[in-house]
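Visitor: Dropping a structure here in structure tokens format, bear with me for questions.
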Amino acid sequence: MHLPGKEIPWKDFLNDIKQEWVKDKVDTVAAALAFFGVLAIFPFLLFAVALAGLIIDPADSARLIRELYQVAPPAVANILGERLQALTEGQSPGLLTVGALGAVWAASGGVIALMDALNSAYGVEDSRSFLKRRGISLLVTLGGAVLLAIASALTVAAPAVAEHLGPFGTLLLWLRVPVSALIVMAVLATLYYVLPDVEQKFKFITPGSVVAVVIWVIASLGFSFYVSRFGSYEVSYGALGGVIVLLLWSWISSMAVLLGAEINAIIEHRSPDGKRTGAKDASDTGPDVPKTEKEEAQGAALPAGAARPPRDKGTGGDIALPHPIRSNRSELHGGRV
């Protein structure tokens, strides 16, 4: 069996995921990404609330907080909800104040961490300048804030619109879930395209983004169930219990995002029209074909740095000799010397 539309056997594909997960230390990189993500999320909320205040009433923040409990563990929703409520009830900074611009700069640090993690998934070293990397991260942060503000407006407006649609209103509310999932998939696909230092074709939906969203939803629901039923982080960590849960949830989310990047990279490197591992230019095409066990054993038997000499097809498997030596041997056999 092969992947749909790809000449990649399922067994090889799953084995590649396992090898890349270990080689790229995805769980360790995800832990670092989760740390920087938590540092960035609160400055990001500060700017996003200031931006959302232009299009929604701060009094509607309670509805947004309720939506948090649908996707995040209760402890995480409590922390983010309390901060969101404090920002909406307090005096939020203007969009062009030093505080808001500083919040954008601080939040972009999380994007830089994600950029480095995605480069690791694609097996490339980032050669872009500091200004270009920071510029991309700032644009992504601003784009994320705009998207969050629009999503907040839609969240607030959807119930009011549904009331005027009669029986179609229920359908509209039910469609919010799959539509939201598709939007998140498109956002992840955009991040997979923009952040790593590789040239690739843009696709709104990629296999990696689909898998990342599905696994993230399942893992978040499972983690929320575990924390609410069996977790005792407040007993173990006291007042820091909520922060620990936030870090763990961010770690799980980061692993889901990085798994999606690894899947995209594997498909790219194994496809006939894809780039080789470590290549940045789209013209450097050719699939990465895994070695057979026999080839790996033969390569291991050679001394370090030695190349296996080619076989001479015309001499029954003898080692091919350079032309002058082969000519002298022929003369010896012919009796001319």
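Letters A, B, ... go to the chains of the structure tokens in the order shown; residues in each chain start at 1; ligands are counted from 1 in the same order.
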Considering only C-alpha atoms, return as a PyMOL selection string whatever protein or nucleic-acid residues lie within 12 Å of stretch 101-108 of chain A, sequence-local ones (same chain, fewer than 4 positions apart) excluded.
Guide: chain A and resi 36-51+92-97+112-115+133-145
Visitor: Which value, in Å to one decimal, gives the distance between atom CA of A:Lys132 and atom CA of A:Glu268?
Guide: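 Between these atoms lies a distance of 24.8 Å.
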Visitor: Under the rule that only C-alpha atoms are counted, which of A:Val26, A:Val214, A:Ala75, A:Ala186 is the nearest residue to A:Leu247?
Guide: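 Smallest distance to A:Leu247 is found for A:Ala75.
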Visitor: Using only C-alpha atoms, which residue out of A:Ser232, A:Ser127, A:Ser220, A:Gln200 lies closest to A:Trp251?
Guide: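 The closest residue to A:Trp251 is A:Ser220.
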Visitor: Pick out each residue of stretch 2-200 of chain A that DSSP on the backbone tags as helix (DSSP H, G or I); I need them as a ChimeraX atom specification.
Guide: /A:10-23,26-52,58-71,74-89,98-122,130-163,167-194
Visitor: Report the distance between atom CA of A:Val111 and atom CA of A:Ile205 in Å, rounded to one decimal place.
Guide: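 Distance between the two atoms: 20.4 Å.
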Visitor: Quick one: everything within 10 Å of stretch 222-229 of chain A, counting only C-alpha atoms, minus sequence neighbours fewer than 2 positions away in the same chain. Send it as a PyMOL selection string.
Guide: chain A and resi 69-76+216-220+231-233+245+248-249+252
Visitor: Mind pulling up the distance from atom CA of A:Gly109 to atom CA of A:His269?
Guide: 28.9 Å
